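Remarks on the structure that follows.
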Protein chains: 2
Amino acid sequence: MATLYFRLNPHLYLRDPQQTELGQKIISASVRLIDTLGFEQFTFKKLAEEIDSTEASVYRYFENKHRLLQYLVGWYWTWLEYRIDLSTSNLPTPHEKLKACIKVVASEKKFDDTFEFMDEVALHRIVVSELDKTYLTKQVDSDNKDGLFGGFKLLCKKISAWVSEINPTYAYPHTLVSTILLTAKHQIFFAEHLPSLTDLDKTTSRHHQLEKFLETLLLKTIG
Amino acid sequence: MATLYFRLNPHLYLRDPQQTELGQKIISASVRLIDTLGFEQFTFKKLAEEIDSTEASVYRYFENKHRLLQYLVGWYWTWLEYRIDLSTSNLPTPHEKLKACIKVVASEKKFDDTFEFMDEVALHRIVVSELDKTYLTKQVDSDNKDGLFGGFKLLCKKISAWVSEINPTYAYPHTLVSTILLTAKHQIFFAEHLPSLTDLDKTTSRHHQLEKFLETLLLKTIG
DNA sequence: TCTGATATGATAGTAATGCTATCTTAACTG
DNA sequence: CAGTTAAGATAGCATTACTATCATATCAGA
């Protein structure tokens with residue numbers, strides 16, 4: 001059985017956490033902690049206590065907690081792209097690819113044990129709440145130069161290409177696709193916490209509603 | 001000449017900053033500082049130094065810097081709604097109202113001296129970069145109970161009503177409108193910092209492009 | 001004009017945060 | 001067996017995010 005390993009941009013870490021036991025413990029525990037505490041309340045001290053290690057040891061893997069968040073989100077985009085590839089590879093038309101793609105983007109992941117150190121369900125909740133914080137900073141330009149947002153950009157590019165295949169005259173494929181990728185997260189957050197900003201409801205059917213919404217938005221817009 | 005005064009939710013502050021000289025200095029200086037430093041690097045200590053006051057005095061106006069940000073964003077939504085009201089009030093059809101509304105939402109504010117204590121251009125930059133941080137927190141539910149997001153919700157409701165007037169069968173008017181309001185900010189940020197996620201460019205024509213993009217998105221989707 | 005109430009300033013203090021540094025031990029590698 | 005590397009242990013430090021107290025200035029009502 002082949003093991004899956006995501007090669008992420010080395011600027012995201014100081015020492016590759018996927019390679020060592022401590023590294024994997026850092027990942028699992030940080031996902032658990034950020035999910036429960038929120039990113040603001042999450043500290044390397046609490047993380048170190050959780051895994052019976054020390055702050056100093058954690059700092060050997062990640063420059064700071066912001067980089068760790070960028071790592072997790074980077075991992076998420078890679079994982080999402082991988083799932084999109086799986087579900088679209090055997091489809092013949094860009095139209096079908098887009099529909100399958102939306103389905104994956106809007107879907108609720110139940111459980112996945114491909115990666116033992118990663119709780120994908122908690123990670124998804126983290127992405128919903130914390131994604132925007134990875135780039136909404138004063139260092140965004142230097143982070144971008146280091147390629148820290150490569151996962152997001154790559155995925156956006158891939159999907160935009162399908163959009164352009166369907167309608168080569170449409171002027172805003174990247175804008176449309178990044179809007180859809182972000183909206184998929186934001187609307188889940190609104191459904192959970194600010195229901196008057198959305199029409200999706202709190203039950204699990206919201207993922208189906210989200211899919212319908214995004215599909216209509218995408219297909220009608222490119223017409 | 002009537003002076004404009006925005007009545008904001010009192011939970012946003014401890015003492016109304018619009019009423020006193022120190023309060024107005026806090027607002028002006030915080031807008032200037034958050035704009036240059038970014039919200040993360042902004043502290044009440046730096047703010048107090050900037051206005052030759054003390055940390056303690058600032059804390060008498062706002063519980064903490066997060067509340068201050070929520071106040072500024074709340075002020076922004078009220079101001080935006082006011083400008084939307086102005087530009088739509090004399091239009092006969094919801095279709096025209098929506099188009100005028102999109103124009104305001106996508107527009108670049110050059111200068112406005114209605115409020116001497118508020119640099120609206122800097123505030124708009126702050127909203128672009130920091131808006132999402134006002135609600136992407138663990139306290140979102142209690143903040144929402146206190147009505148801290150009332151400005152955003154009210155505006156969303158108003159615009160959604162026009163959408164439903166045009167197409168009463170469309171199932172996701174709030175989802176669509178909140179998406180558009182957020183997208184207007186995010187895409188400006190992308191144009192500035194992450195250009196591969198957008199097709200808008202860095203020049204001022206980007207506001208016109210944004211308007212076109214949002215208008216198509218909205219009208220074709222409910223179309 | 002006196003009397004409070006209130007706003008602000010001045011100053012101090014404290015726990016937590018976000019690191020950095022150094023030293024030791026344990027493990028694994030050639 | 002020697003040498004490198006990872007991790008743990010411990011210390012320290014500047015900044016942050018407050019809270020508390022006391023003094024002073026101001027202004028409004030009696």
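Simple scheme: letters A, B, ... for chains in structure tokens order, numbers from 1 for residues in each chain, numbers from 1 for ligands in the order shown.
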**OP:** For chain A, list the residues within 8 Å of chain B, counting only C-alpha atoms, and write the list as a PyMOL selection string.
**Re:** chain A and resi 37-38+40+129-130+132-133+136-138+140-141+144+153+156-157+171-176+178-179+183+187+193-194+196-200+213+216-217+220-221+223
Considering only C-alpha atoms (C1' of nucleotides), tabulate each residue of chain C that lies at most 10 Å from chain B along with its nearest interatomic pair and the corresponding distance in Å to one decimal; arrange the rows by chain and ascending residue number and present them as a tab-separated table.
residue	atom	partner	partner_atom	distance
C:DA7	C1'	B:Ser57	CA	9.1
C:DT8	C1'	B:Ser57	CA	6.7
C:DG9	C1'	B:Thr54	CA	7.1
C:DA10	C1'	B:Thr54	CA	8.5
Once you have the residues from the selection above, write them out as a PDB file, in the first residue's frame, restricted to C-alpha atoms (C1' of nucleotides).
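Result went into out_38.pdb, see below:
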ATOM      1  C1'  DA C   7     -13.353  62.984  32.806  1.00  0.00           C
ATOM      2  C1'  DT C   8      -8.710  62.580  32.342  1.00  0.00           C
ATOM      3  C1'  DG C   9      -3.922  61.947  33.614  1.00  0.00           C
ATOM      4  C1'  DA C  10      -0.214  59.744  36.224  1.00  0.00           C
TER       5       DA C  10
END
**OP:** Among the residues of region 5-215 of chain A, find those DSSP assigns to helix (DSSP H, G or I) from the backbone and print them as a PyMOL selection string.
**Re:** chain A and resi 10-12+21-37+44-50+55-59+65-88+94-106+120-134+140-145+150-166+173-193+195-197+206-215
Sorted by chain and rising residue number, list the residues of chain D at most 12 Å from chain A (counting only C-alpha atoms (C1' of nucleotides)), each with its closest atom pair and distance in Å to one decimal, as JSON lines.
{"residue": "D:DA6", "atom": "C1'", "partner": "A:Ser57", "partner_atom": "CA", "distance": 9.0}
{"residue": "D:DA7", "atom": "C1'", "partner": "A:Ser57", "partner_atom": "CA", "distance": 6.6}
{"residue": "D:DG8", "atom": "C1'", "partner": "A:Thr54", "partner_atom": "CA", "distance": 7.1}
{"residue": "D:DA9", "atom": "C1'", "partner": "A:Thr54", "partner_atom": "CA", "distance": 8.5}
{"residue": "D:DT10", "atom": "C1'", "partner": "A:Thr54", "partner_atom": "CA", "distance": 10.4}
{"residue": "D:DA11", "atom": "C1'", "partner": "A:Ala56", "partner_atom": "CA", "distance": 11.9}
**OP:** Might you pull out every residue within 10 Å of DC22 (chain D), with only C-alpha atoms (C1' of nucleotides) counted and same-chain residues fewer than 2 positions away left off, and present them as a ChimeraX atom specification?
**Re:** /C:10-11 /D:20,24
Original post:
Counting only C-alpha atoms (C1' of nucleotides), what is within 9 Å of Glu50 (chain B), bar same-chain residues fewer than 5 positions away, as a ChimeraX atom specification?
Top reply: /B:29-30,33,45
Convert the current residue selection to file output with N, CA and C atoms, as a PDB file, in the first residue's frame.
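File written: out_35.pdb
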ATOM      1  N   ALA B  29      -6.920  58.685  15.415  1.00  0.00           N
ATOM      2  CA  ALA B  29      -5.580  58.119  15.550  1.00  0.00           C
ATOM      3  C   ALA B  29      -5.591  56.608  15.344  1.00  0.00           C
ATOM      4  N   SER B  30      -6.635  55.934  15.816  1.00  0.00           N
ATOM      5  CA  SER B  30      -6.652  54.485  15.657  1.00  0.00           C
ATOM      6  C   SER B  30      -6.799  54.113  14.179  1.00  0.00           C
ATOM      7  N   LEU B  33      -3.373  54.602  12.739  1.00  0.00           N
ATOM      8  CA  LEU B  33      -2.419  53.597  13.208  1.00  0.00           C
ATOM      9  C   LEU B  33      -2.714  52.192  12.677  1.00  0.00           C
ATOM     10  N   LYS B  45      -1.291  51.064  23.783  1.00  0.00           N
ATOM     11  CA  LYS B  45      -0.134  51.831  24.253  1.00  0.00           C
ATOM     12  C   LYS B  45       0.345  52.780  23.144  1.00  0.00           C
TER      13      LYS B  45
END
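For the atom pair formed by CA of Asn64 (chain B) and CA of Thr114 (chain B), the distance is 27.3 Å, given to one decimal.
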